[in-house]
file run-v5.cif (mmCIF, C-alpha atoms)
data_target
#
loop_
_atom_site.label_atom_id
_atom_site.label_comp_id
_atom_site.auth_asym_id
_atom_site.auth_seq_id
_atom_site.Cartn_x
_atom_site.Cartn_y
_atom_site.Cartn_z
CA MET A 1239 0.00 0.00 0.00
CA PRO A 1240 1.48 3.40 -0.98
CA ALA A 1241 2.33 5.80 1.83
CA ASP A 1242 -0.22 8.18 0.31
CA PRO A 1243 -2.44 6.70 -2.46
CA LEU A 1244 -2.99 10.23 -3.78
CA ILE A 1245 0.61 10.26 -5.06
CA ARG A 1246 -0.13 7.39 -7.41
CA LYS A 1247 -3.28 9.14 -8.64
CA LYS A 1248 -1.25 12.27 -9.43
CA VAL A 1249 1.32 10.12 -11.26
CA GLU A 1250 -1.49 8.68 -13.40
CA GLN A 1251 -2.85 12.16 -14.00
CA ALA A 1252 0.63 13.38 -14.99
CA MET A 1253 0.99 10.64 -17.61
CA LYS A 1254 -2.36 11.58 -19.14
CA LEU A 1255 -1.26 15.22 -19.26
CA MET A 1256 1.96 14.19 -21.00
CA ALA A 1257 -0.03 12.39 -23.67
CA GLU A 1258 -2.29 15.44 -23.96
CA GLN A 1259 0.71 17.75 -24.39
CA GLY A 1260 2.74 15.48 -26.69
CA VAL A 1261 5.56 14.78 -24.22
CA ASP A 1262 6.99 11.26 -24.38
CA CYS A 1263 9.06 11.22 -21.19
CA TRP A 1264 9.44 13.41 -18.12
CA ILE A 1265 12.35 13.22 -15.71
CA ALA A 1266 10.16 14.32 -12.84
CA GLN A 1267 12.94 14.50 -10.25
CA LEU A 1268 16.70 14.32 -10.68
CA GLY A 1269 18.83 14.95 -7.61
CA GLN A 1270 20.10 13.72 -4.27
CA GLU A 1271 19.68 14.42 -0.54
CA THR A 1272 16.17 15.58 -1.34
CA TRP A 1273 15.12 15.71 2.29
CA SER A 1274 17.18 18.87 2.72
CA HIS A 1275 16.27 20.46 -0.62
CA PRO A 1276 13.38 18.63 -2.31
CA ASP A 1277 12.15 19.35 -5.79
CA PRO A 1278 8.65 20.85 -5.40
CA VAL A 1279 7.24 17.87 -7.35
CA GLN A 1280 8.54 15.40 -4.78
CA ALA A 1281 5.38 15.65 -2.69
CA LEU A 1282 3.29 15.56 -5.85
CA VAL A 1283 4.58 12.59 -7.87
CA VAL A 1284 7.48 10.95 -5.97
CA GLY A 1285 6.24 10.43 -2.43
CA THR A 1286 9.54 10.05 -0.60
CA SER A 1287 12.97 11.61 -0.29
CA VAL A 1288 16.17 9.96 -1.49
CA THR A 1289 19.74 10.13 -0.27
CA TRP A 1290 21.84 9.34 -3.33
CA PRO A 1291 21.66 10.53 -6.98
CA SER A 1292 18.32 9.39 -8.37
CA ALA A 1293 16.11 9.81 -11.42
CA PHE A 1294 12.33 9.40 -11.48
CA LEU A 1295 10.88 8.99 -14.96
CA LEU A 1296 7.31 8.95 -16.25
CA THR A 1297 6.24 8.21 -19.82
CA ALA A 1298 3.11 9.07 -21.72
CA ALA A 1299 2.80 5.37 -22.51
CA GLY A 1300 2.35 4.58 -18.81
CA ALA A 1301 5.79 3.55 -17.57
CA THR A 1302 6.97 4.67 -14.13
CA ILE A 1303 10.68 4.12 -13.54
CA ALA A 1304 12.82 5.03 -10.53
CA LEU A 1305 16.59 4.74 -10.88
CA VAL A 1306 18.04 4.95 -7.37
CA ALA A 1307 21.04 3.80 -5.38
CA THR A 1308 20.60 0.42 -3.73
CA GLY A 1309 20.22 2.03 -0.31
CA ASP A 1310 17.14 3.93 -1.51
CA VAL A 1311 15.40 1.04 -3.29
CA GLU A 1312 13.28 -0.25 -0.43
CA ASN A 1313 12.08 3.19 0.59
CA VAL A 1314 11.02 4.06 -2.97
CA ARG A 1315 9.24 0.71 -3.36
CA ARG A 1316 7.32 1.26 -0.14
CA ALA A 1317 6.23 4.70 -1.34
CA GLY A 1318 4.37 2.77 -4.04
CA ALA A 1319 4.27 5.37 -6.82
CA TYR A 1320 6.73 3.68 -9.23
CA GLU A 1321 6.24 0.19 -10.60
CA ARG A 1322 9.79 -0.25 -11.85
CA VAL A 1323 12.41 0.53 -9.19
CA GLU A 1324 15.98 -0.26 -10.17
CA GLY A 1325 19.00 0.02 -7.90
CA TYR A 1326 22.56 0.84 -8.91
CA VAL A 1327 25.82 0.77 -6.97
CA GLN A 1328 28.44 3.02 -8.56
CA ASP A 1329 27.01 5.46 -11.10
CA LEU A 1330 23.59 6.74 -12.14
CA GLU A 1331 24.72 7.89 -15.58
CA PRO A 1332 24.93 4.55 -17.44
CA GLU A 1333 21.61 3.46 -15.94
CA LEU A 1334 19.87 6.64 -17.08
CA ARG A 1335 21.36 6.41 -20.57
CA ARG A 1336 20.37 2.74 -20.83
CA VAL A 1337 16.75 3.44 -19.87
CA LEU A 1338 16.47 6.42 -22.21
CA ASP A 1339 17.92 4.36 -25.05
CA GLU A 1340 15.27 1.76 -24.27
CA LEU A 1341 12.43 4.32 -24.19
CA ARG A 1342 13.66 6.34 -27.20
CA PRO A 1343 11.65 9.45 -26.30
CA ARG A 1344 11.17 12.08 -29.00
CA SER A 1345 10.73 14.70 -26.27
CA LEU A 1346 12.29 14.67 -22.82
CA ALA A 1347 10.86 17.09 -20.25
CA VAL A 1348 12.87 18.26 -17.24
CA SER A 1349 11.59 20.14 -14.20
CA TYR A 1350 12.83 23.66 -14.87
CA ALA A 1351 10.70 26.75 -15.44
CA LEU A 1352 11.03 30.46 -16.12
CA SER A 1353 7.73 31.61 -14.58
CA ASP A 1354 6.28 28.94 -12.27
CA HIS A 1355 8.42 28.59 -9.14
CA ALA A 1356 6.74 25.30 -8.25
CA ALA A 1357 7.81 23.79 -11.59
CA ASP A 1358 11.44 24.95 -11.28
CA GLY A 1359 12.78 22.03 -9.30
CA ILE A 1360 16.03 20.80 -10.83
CA THR A 1361 19.07 22.66 -9.50
CA HIS A 1362 21.44 24.36 -11.92
CA GLY A 1363 24.18 21.96 -10.94
CA TRP A 1364 22.04 18.92 -11.63
CA PHE A 1365 20.92 20.34 -14.98
CA LEU A 1366 24.58 20.70 -15.97
CA LYS A 1367 25.17 17.12 -14.79
CA LEU A 1368 22.24 15.93 -16.90
CA GLN A 1369 23.64 17.63 -19.96
CA ALA A 1370 26.98 15.96 -19.33
CA MET A 1371 25.30 12.56 -18.80
CA LEU A 1372 23.48 12.85 -22.12
CA SER A 1373 26.39 14.29 -24.09
CA GLY A 1374 26.90 12.40 -27.33
CA THR A 1375 23.36 10.97 -27.30
CA PRO A 1376 20.29 12.13 -29.24
CA HIS A 1377 18.52 12.69 -25.92
CA LEU A 1378 20.48 15.88 -25.19
CA ASP A 1379 18.81 17.82 -28.00
CA ARG A 1380 15.36 16.64 -26.89
CA LEU A 1381 15.45 18.28 -23.46
CA ALA A 1382 12.62 20.71 -22.82
CA SER A 1383 10.91 22.41 -19.89
CA ALA A 1384 8.30 20.43 -17.96
CA GLU A 1385 6.64 23.67 -16.83
CA PRO A 1386 3.43 23.07 -18.84
CA ILE A 1387 3.10 19.59 -17.32
CA VAL A 1388 3.82 20.58 -13.74
CA SER A 1389 1.69 23.74 -13.81
CA THR A 1390 -1.32 21.89 -15.17
CA LEU A 1391 -0.79 18.96 -12.80
CA ARG A 1392 -0.87 21.32 -9.83
CA ALA A 1393 -3.77 23.38 -11.15
CA ARG A 1394 -6.14 20.51 -12.00
CA LYS A 1395 -7.06 19.37 -8.52
CA LEU A 1396 -8.46 15.89 -8.07
CA PRO A 1397 -11.63 15.58 -5.96
CA GLU A 1398 -9.58 14.18 -3.05
CA GLU A 1399 -7.23 17.16 -3.19
CA ILE A 1400 -10.17 19.57 -3.07
CA ALA A 1401 -11.62 17.65 -0.11
CA ARG A 1402 -8.36 17.96 1.80
CA ILE A 1403 -8.14 21.70 1.10
CA ARG A 1404 -11.73 22.05 2.29
CA HIS A 1405 -10.76 20.39 5.58
CA ALA A 1406 -7.85 22.82 5.97
CA VAL A 1407 -10.19 25.75 5.37
CA GLU A 1408 -12.64 24.40 7.93
CA ALA A 1409 -9.87 24.10 10.52
CA THR A 1410 -8.79 27.68 9.82
CA VAL A 1411 -12.34 28.94 10.28
CA GLU A 1412 -12.48 27.17 13.65
CA ILE A 1413 -9.28 28.91 14.76
CA PHE A 1414 -10.65 32.28 13.66
CA GLU A 1415 -13.84 31.65 15.62
CA ALA A 1416 -11.84 30.83 18.74
CA MET A 1417 -9.65 33.86 18.16
CA GLY A 1418 -12.60 36.22 17.83
CA ALA A 1419 -14.01 35.04 21.16
CA TRP A 1420 -10.60 35.45 22.83
CA LEU A 1421 -9.45 38.85 21.51
CA ARG A 1422 -9.60 41.68 24.06
CA PRO A 1423 -7.97 45.05 24.78
CA GLY A 1424 -4.33 44.95 25.77
CA LEU A 1425 -3.35 41.88 23.79
CA GLY A 1426 -0.34 42.32 21.51
CA GLU A 1427 0.48 41.04 18.06
CA ARG A 1428 2.79 38.45 19.63
CA ASP A 1429 -0.08 37.24 21.85
CA VAL A 1430 -2.33 36.74 18.82
CA PHE A 1431 0.46 35.00 16.94
CA GLU A 1432 1.11 32.63 19.85
CA PHE A 1433 -2.61 31.97 20.28
CA ALA A 1434 -2.84 30.83 16.66
CA HIS A 1435 0.19 28.55 17.04
CA ALA A 1436 -1.25 27.06 20.22
CA GLN A 1437 -4.45 26.32 18.32
CA MET A 1438 -2.42 24.65 15.56
CA ARG A 1439 -0.53 22.49 18.06
CA ARG A 1440 -3.75 21.47 19.80
CA ARG A 1441 -5.18 20.35 16.46
CA GLN A 1442 -1.84 18.86 15.28
CA LEU A 1443 -1.68 21.22 12.31
CA GLN A 1444 1.22 22.85 10.50
CA PRO A 1445 1.45 26.41 9.13
CA SER A 1446 0.81 26.89 5.41
CA TRP A 1447 3.93 29.01 4.97
CA ASP A 1448 6.93 30.08 7.05
CA GLY A 1449 5.85 29.71 10.66
CA ALA A 1450 7.79 32.85 11.59
CA TYR A 1451 5.02 34.90 9.94
CA ASP A 1452 2.08 32.53 9.67
CA PRO A 1453 -0.13 34.03 10.84
CA GLY A 1454 0.57 37.58 9.83
CA VAL A 1455 -0.89 39.81 12.57
CA ASN A 1456 -1.50 43.55 12.23
CA ILE A 1457 -2.94 45.63 15.07
CA GLY A 1458 -3.57 49.35 15.07
CA PRO A 1459 -2.90 52.31 12.83
CA LYS A 1460 0.85 52.06 12.18
CA GLN A 1461 0.82 48.82 10.24
CA ARG A 1462 1.67 48.33 6.58
CA LEU A 1463 0.86 45.54 4.15
CA GLY A 1464 3.34 42.72 3.71
CA HIS A 1465 4.69 39.48 5.13
CA ALA A 1466 6.40 39.91 8.48
CA GLY A 1467 6.37 38.46 11.96
CA PRO A 1468 4.45 40.03 14.86
CA GLY A 1469 5.46 43.47 16.12
CA GLU A 1470 4.98 45.28 19.42
CA ALA A 1471 1.55 46.88 18.84
CA ARG A 1472 -1.17 46.22 21.43
CA LEU A 1473 -4.90 46.30 20.93
CA ALA A 1474 -6.71 49.46 22.08
CA PRO A 1475 -10.18 50.88 21.39
CA GLY A 1476 -10.38 52.21 17.84
CA ASP A 1477 -7.91 49.63 16.47
CA LEU A 1478 -8.28 47.16 13.66
CA VAL A 1479 -7.03 43.60 14.04
CA HIS A 1480 -6.04 41.96 10.75
CA VAL A 1481 -4.90 38.33 10.65
CA ASP A 1482 -3.62 36.32 7.67
CA LEU A 1483 -3.67 32.62 8.64
CA GLY A 1484 -3.17 29.33 6.87
CA VAL A 1485 -2.85 25.74 8.10
CA ILE A 1486 -2.01 22.40 6.54
CA VAL A 1487 -4.36 19.45 7.06
CA ASP A 1488 -3.43 16.04 5.63
CA GLY A 1489 -0.86 17.62 3.34
CA PHE A 1490 -2.97 20.47 1.95
CA ALA A 1491 -3.15 24.16 2.80
CA SER A 1492 -5.58 26.98 3.48
CA ASP A 1493 -4.99 30.75 3.33
CA LEU A 1494 -7.60 33.09 4.82
CA GLN A 1495 -7.66 36.67 6.12
CA ARG A 1496 -10.10 38.14 8.62
CA VAL A 1497 -10.47 41.56 10.23
CA TRP A 1498 -12.02 42.84 13.47
CA TYR A 1499 -12.60 46.31 14.94
CA LEU A 1500 -12.49 47.17 18.66
CA ARG A 1501 -15.08 49.89 19.22
CA ARG A 1502 -14.36 52.97 21.28
CA ARG A 1503 -16.59 53.79 24.21
CA GLY A 1504 -19.92 55.02 22.88
CA GLU A 1505 -19.40 53.69 19.33
CA SER A 1506 -22.03 51.40 17.85
CA VAL A 1507 -20.32 51.03 14.47
CA ALA A 1508 -16.85 51.63 13.08
CA PRO A 1509 -15.93 55.01 11.60
CA GLN A 1510 -17.20 55.60 8.08
CA ALA A 1511 -13.70 55.44 6.58
CA LEU A 1512 -13.24 51.90 7.87
CA LEU A 1513 -16.64 50.81 6.62
CA GLU A 1514 -15.86 52.24 3.18
CA ALA A 1515 -12.54 50.41 3.10
CA PHE A 1516 -14.18 47.14 4.08
CA ALA A 1517 -16.92 47.62 1.47
CA ALA A 1518 -14.32 48.16 -1.25
CA VAL A 1519 -12.38 45.00 -0.43
CA ASP A 1520 -15.52 42.91 -0.04
CA ALA A 1521 -16.91 44.15 -3.36
CA SER A 1522 -13.63 43.46 -5.14
CA ILE A 1523 -13.54 39.86 -3.93
CA GLN A 1524 -17.14 39.29 -4.93
CA ALA A 1525 -16.49 40.81 -8.37
CA GLY A 1526 -13.38 38.70 -8.86
CA ALA A 1527 -15.20 35.55 -7.78
CA ALA A 1528 -17.98 36.32 -10.26
CA ALA A 1529 -15.41 36.74 -13.05
CA LEU A 1530 -13.62 33.51 -12.15
CA ALA A 1531 -14.80 30.93 -14.66
CA PRO A 1532 -13.29 28.25 -16.91
CA GLY A 1533 -11.62 29.76 -19.96
CA ARG A 1534 -10.85 33.16 -18.42
CA ALA A 1535 -7.24 34.29 -18.28
CA GLY A 1536 -5.87 35.06 -14.84
CA TYR A 1537 -5.17 38.70 -15.72
CA GLU A 1538 -8.80 39.18 -16.77
CA VAL A 1539 -10.07 38.01 -13.38
CA ASP A 1540 -7.54 40.24 -11.62
CA ALA A 1541 -8.64 43.23 -13.71
CA ALA A 1542 -12.28 42.76 -12.71
CA ALA A 1543 -11.41 42.76 -9.01
CA ARG A 1544 -8.75 45.49 -9.29
CA GLN A 1545 -11.12 47.88 -11.04
CA VAL A 1546 -13.54 47.72 -8.11
CA ILE A 1547 -10.80 48.93 -5.74
CA LEU A 1548 -10.05 51.82 -8.09
CA ASP A 1549 -13.74 52.65 -8.54
CA HIS A 1550 -14.06 52.97 -4.76
CA GLY A 1551 -11.31 55.59 -4.80
CA PHE A 1552 -8.44 53.55 -3.35
CA PRO A 1553 -4.92 53.21 -4.77
CA GLU A 1554 -4.20 50.30 -7.07
CA PRO A 1555 -3.18 47.19 -5.12
CA ALA A 1556 0.50 46.34 -5.37
CA PHE A 1557 0.00 42.57 -5.66
CA ALA A 1558 -2.04 39.95 -7.52
CA PHE A 1559 -5.66 39.26 -6.67
CA GLY A 1560 -5.37 35.48 -6.46
CA HIS A 1561 -3.02 32.53 -6.28
CA MET A 1562 -3.41 28.76 -6.42
CA LEU A 1563 -3.88 26.75 -3.23
CA GLY A 1564 -2.65 23.19 -2.83
CA ARG A 1565 0.07 21.46 -0.88
CA VAL A 1566 1.28 24.91 0.15
CA ALA A 1567 -0.45 28.27 0.27
CA HIS A 1568 1.26 29.55 -2.89
CA ASP A 1569 0.97 26.41 -4.97
CA GLY A 1570 2.46 27.67 -8.23
CA ALA A 1571 0.76 27.32 -11.63
CA GLY A 1572 -1.49 30.19 -12.73
CA VAL A 1573 -1.88 33.51 -10.94
CA LEU A 1574 -4.88 35.84 -10.97
CA GLY A 1575 -2.67 38.85 -11.41
CA PRO A 1576 -1.70 41.73 -13.68
CA ARG A 1577 0.71 41.18 -16.53
CA TRP A 1578 3.69 42.53 -14.60
CA PRO A 1579 7.21 41.10 -15.10
CA ARG A 1580 7.27 39.82 -11.51
CA TYR A 1581 4.58 37.25 -12.39
CA GLY A 1582 6.13 36.05 -15.67
CA SER A 1583 3.64 34.23 -17.88
CA THR A 1584 1.50 32.94 -14.99
CA PRO A 1585 -1.30 35.54 -15.41
CA GLU A 1586 -1.79 34.21 -18.97
CA HIS A 1587 -2.88 30.79 -17.68
CA LEU A 1588 -6.50 29.97 -18.39
CA VAL A 1589 -8.77 29.10 -15.49
CA GLU A 1590 -10.08 25.52 -15.42
CA ALA A 1591 -12.71 23.69 -13.41
CA GLY A 1592 -11.00 22.10 -10.43
CA ASN A 1593 -8.66 25.03 -9.82
CA VAL A 1594 -8.55 26.20 -6.20
CA PHE A 1595 -7.63 29.82 -5.52
CA ALA A 1596 -7.11 32.18 -2.63
CA LEU A 1597 -8.68 35.57 -3.49
CA GLU A 1598 -7.37 38.61 -1.64
CA PHE A 1599 -7.09 42.36 -1.65
CA ALA A 1600 -6.43 44.87 1.11
CA VAL A 1601 -6.57 48.65 1.50
CA GLN A 1602 -5.98 51.25 4.19
CA PRO A 1603 -8.68 53.77 5.20
CA ARG A 1604 -8.67 56.96 3.14
CA ASP A 1605 -8.85 59.24 6.18
CA GLY A 1606 -5.30 58.39 7.15
CA SER A 1607 -6.35 56.62 10.35
CA GLY A 1608 -4.26 53.63 9.31
CA GLY A 1609 -4.71 49.95 9.90
CA ILE A 1610 -5.21 47.21 7.35
CA VAL A 1611 -8.58 46.18 5.98
CA GLY A 1612 -7.75 42.92 4.23
CA LEU A 1613 -9.81 39.89 3.32
CA GLU A 1614 -8.90 36.58 1.74
CA GLU A 1615 -11.26 33.83 0.66
CA ASN A 1616 -10.62 30.32 -0.66
CA VAL A 1617 -12.66 29.12 -3.62
CA VAL A 1618 -12.90 26.22 -6.05
CA VAL A 1619 -13.78 26.75 -9.71
CA THR A 1620 -16.60 24.60 -11.06
CA GLU A 1621 -18.16 24.32 -14.51
CA GLY A 1622 -21.02 26.42 -13.20
CA GLY A 1623 -19.00 29.14 -11.46
CA THR A 1624 -17.17 29.65 -8.17
CA GLU A 1625 -17.80 27.94 -4.84
CA PHE A 1626 -16.53 29.50 -1.61
CA LEU A 1627 -14.96 26.82 0.59
CA ALA A 1628 -16.06 28.73 3.71
CA PRO A 1629 -18.63 31.48 4.21
CA PRO A 1630 -16.89 34.72 3.20
CA GLN A 1631 -16.60 37.58 5.66
CA ARG A 1632 -19.11 40.10 4.30
CA GLU A 1633 -19.22 42.47 7.30
CA LEU A 1634 -16.64 43.98 9.62
CA TRP A 1635 -16.48 41.97 12.83
CA TYR A 1636 -16.67 43.80 16.16
CA LEU A 1637 -14.92 43.06 19.43
#
call {"tool": "encode", "arguments": {"input": "run-v5.cif", "output": "structure tokens"}}
result
Amino acid sequence: MPADPLIRKKVEQAMKLMAEQGVDCWIAQLGQETWSHPDPVQALVVGTSVTWPSAFLLTAAGATIALVATGDVENVRRAGAYERVEGYVQDLEPELRRVLDELRPRSLAVSYALSDHAADGITHGWFLKLQAMLSGTPHLDRLASAEPIVSTLRARKLPEEIARIRHAVEATVEIFEAMGAWLRPGLGERDVFEFAHAQMRRRQLQPSWDGAYDPGVNIGPKQRLGHAGPGEARLAPGDLVHVDLGVIVDGFASDLQRVWYLRRRGESVAPQALLEAFAAVDASIQAGAAALAPGRAGYEVDAAARQVILDHGFPEPAFAFGHMLGRVAHDGAGVLGPRWPRYGSTPEHLVEAGNVFALEFAVQPRDGSGGIVGLEENVVVTEGGTEFLAPPQRELWYL
């Protein structure tokens, strides 16, 4: 029995994608000591780390071949994703050349990419080694980027992947509910941060990104947007509390943002500037979700949401509207973002049913009072539209 049967399902999906894209063979992972620096596809289509130089090959015809040192053979077999596991003693190169000569691929994809960070797995050193290994063979001239394969493989979520993400979202909602009941004047950003981590430990969860700033916590008027650990601010009447939190459940991640306001004495509602800021962000997310449909380019969805922020009189957001969710919070593949150089070609990707996105924008009140009004929702794309994986925050929450 494989360590995680989902790995084998993704391997099967990958081989179908290769046939769809006209790729005969994909060297999915080529490297060593992959516990310390794994290729991003290791969790997707390999299922275990290796110690010595190894090559994991998939073919469009359905072959799965792992070429590993003898000390890694048993571990790779137990992972269960590769039917043909061959061990070597001295040198990977002749084994790789022998198998490629046997397969005779007309195209040979390798995990490097110019735009998708999650498809850019092979190190520069190992790519140079691969070129040297294949020198003098016809295979050298057939090397190509596996970015289209990897990006699509990550983007097209299987039903089980969506179910696991849904569970992560549900766990995050539970933590937010506990946090809202616990928040009170005098608590600092570090207190909120530690509360979230205590909740994760109690539920045996892991953070969706670097635990030094998951969650991101912003309290009060002096905060700015960005990824950073907790500061020294403490909650006082008239302050906003903004939290960006994600957790991993059964190998899959969530990424949600919520915002509260601590009313001053005598206030029944937040100041108008805060309400206007919240309304702008909420409307942008709803507009983006409405535009999110199969066949739309990522930059088109971003433009629909971005325009709402501008129409409400706020500055243009300095980041993309949406990113893929999967085994990590920023799962690679397509981005719902503007066609800026920082995003490469990822905003050109077309949305497909089965994609799972985090949708987010944030602004600061126009009256200069400061604080962050940011929201983030997790959604799955269906043939009929967009489904929110948790009820979205449609109103400012009060403490």
call {"tool": "resolve_selection", "arguments": {"input": "run-v5.cif", "expression": "the PyMOL selection byres ((chain A and resi 1390) around 12)", "output": "number ranges by chain"}}
result
A: 1248, 1251-1256, 1258-1259, 1354, 1356-1357, 1384-1389, 1391-1396, 1562, 1569-1572, 1584, 1587-1593
call {"tool": "atom_distance", "arguments": {"input": "run-v5.cif", "atom1": "CA of Leu1244 in chain A", "atom2": "CA of Val1487 in chain A"}}
result
14.3 Å
call {"tool": "closest_residue", "arguments": {"input": "run-v5.cif", "among": "A:Leu1296, A:Leu1368, A:Ala1542, A:Met1417", "to": "Glu1321 in chain A", "atoms": "all atoms listed in the file"}}
result
A:Leu1296
call {"tool": "atom_distance", "arguments": {"input": "run-v5.cif", "atom1": "CA of Ala1517 in chain A", "atom2": "CA of Ile1403 in chain A"}}
result
27.4 Å
call {"tool": "resolve_selection", "arguments": {"input": "run-v5.cif", "expression": "the PyMOL selection byres ((chain A and resi 1603) around 6)", "output": "list of chain:residue names"}}
result
A:Ala1511, A:Leu1512, A:Ala1515, A:Gln1602, A:Arg1604, A:Asp1605
call {"tool": "resolve_selection", "arguments": {"input": "run-v5.cif", "expression": "the PyMOL selection byres ((chain A and resi 1294) around 7)", "output": "ChimeraX atom specification"}}
result
/A:1265-1268,1292-1293,1295-1296,1303-1305
call {"tool": "write_last_selection", "arguments": {"input": "run-v5.cif", "atoms": "C-alpha atoms", "output": "PDB file, in the frame of the given file"}}
result
ATOM      1  CA  ILE A1265      12.350  13.220 -15.710  1.00  0.00           C
ATOM      2  CA  ALA A1266      10.160  14.320 -12.840  1.00  0.00           C
ATOM      3  CA  GLN A1267      12.940  14.500 -10.250  1.00  0.00           C
ATOM      4  CA  LEU A1268      16.700  14.320 -10.680  1.00  0.00           C
ATOM      5  CA  SER A1292      18.320   9.390  -8.370  1.00  0.00           C
ATOM      6  CA  ALA A1293      16.110   9.810 -11.420  1.00  0.00           C
ATOM      7  CA  LEU A1295      10.880   8.990 -14.960  1.00  0.00           C
ATOM      8  CA  LEU A1296       7.310   8.950 -16.250  1.00  0.00           C
ATOM      9  CA  ILE A1303      10.680   4.120 -13.540  1.00  0.00           C
ATOM     10  CA  ALA A1304      12.820   5.030 -10.530  1.00  0.00           C
ATOM     11  CA  LEU A1305      16.590   4.740 -10.880  1.00  0.00           C
TER      12      LEU A1305
END
call {"tool": "residues_around", "arguments": {"input": "run-v5.cif", "residues": "Gly1489 in chain A", "least_positions_apart": "5", "cutoff": "10 Å", "atoms": "only C-alpha atoms", "output": "number ranges by chain"}}
result
A: 1242, 1281, 1399, 1402-1403, 1406, 1443-1444, 1446, 1564-1566
call {"tool": "closest_residue", "arguments": {"input": "run-v5.cif", "among": "A:Asp1339, A:Asp1477, A:Asp1310, A:Asp1379", "to": "Gly1325 in chain A", "atoms": "all atoms listed in the file"}}
result
A:Asp1310
call {"tool": "residues_around", "arguments": {"input": "run-v5.cif", "residues": "Asn1456 in chain A", "least_positions_apart": "6", "cutoff": "10 Å", "atoms": "all atoms listed in the file", "output": "count of residues only"}}
result
26
call {"tool": "atom_distance", "arguments": {"input": "run-v5.cif", "atom1": "CA of Arg1246 in chain A", "atom2": "CA of Ser1353 in chain A"}}
result
26.5 Å
call {"tool": "residues_near_point", "arguments": {"input": "run-v5.cif", "point": "(-11.8, 38.2, 7.8)", "cutoff": "6 Å", "atoms": "all atoms listed in the file", "output": "ChimeraX atom specification"}}
result
/A:1495-1497,1613,1631
call {"tool": "residues_near_point", "arguments": {"input": "run-v5.cif", "point": "(-18.6, 41.5, 12.9)", "cutoff": "12 Å", "atoms": "all atoms listed in the file", "output": "PyMOL selection string"}}
result
chain A and resi 1415+1418-1419+1478-1479+1496-1501+1506-1508+1513+1516+1630-1637
call {"tool": "residues_around", "arguments": {"input": "run-v5.cif", "residues": "Gln1280 in chain A", "least_positions_apart": "4", "cutoff": "10 Å", "atoms": "all atoms listed in the file", "output": "list of chain:residue names"}}
result
A:Ile1245, A:Ala1266, A:Gln1267, A:Thr1272, A:Trp1273, A:Pro1276, A:Val1284, A:Gly1285, A:Thr1286, A:Ser1287, A:Val1288, A:Phe1294, A:Gly1359
call {"tool": "write_last_selection", "arguments": {"input": "run-v5.cif", "atoms": "C-alpha atoms", "output": "mmCIF file, keeping the file's coordinate frame"}}
result
data_model
loop_
_atom_site.group_PDB
_atom_site.id
_atom_site.type_symbol
_atom_site.label_atom_id
_atom_site.label_comp_id
_atom_site.auth_asym_id
_atom_site.auth_seq_id
_atom_site.Cartn_x
_atom_site.Cartn_y
_atom_site.Cartn_z
ATOM 1 C CA ILE A 1245 0.610 10.260 -5.060
ATOM 2 C CA ALA A 1266 10.160 14.320 -12.840
ATOM 3 C CA GLN A 1267 12.940 14.500 -10.250
ATOM 4 C CA THR A 1272 16.170 15.580 -1.340
ATOM 5 C CA TRP A 1273 15.120 15.710 2.290
ATOM 6 C CA PRO A 1276 13.380 18.630 -2.310
ATOM 7 C CA VAL A 1284 7.480 10.950 -5.970
ATOM 8 C CA GLY A 1285 6.240 10.430 -2.430
ATOM 9 C CA THR A 1286 9.540 10.050 -0.600
ATOM 10 C CA SER A 1287 12.970 11.610 -0.290
ATOM 11 C CA VAL A 1288 16.170 9.960 -1.490
ATOM 12 C CA PHE A 1294 12.330 9.400 -11.480
ATOM 13 C CA GLY A 1359 12.780 22.030 -9.300
#
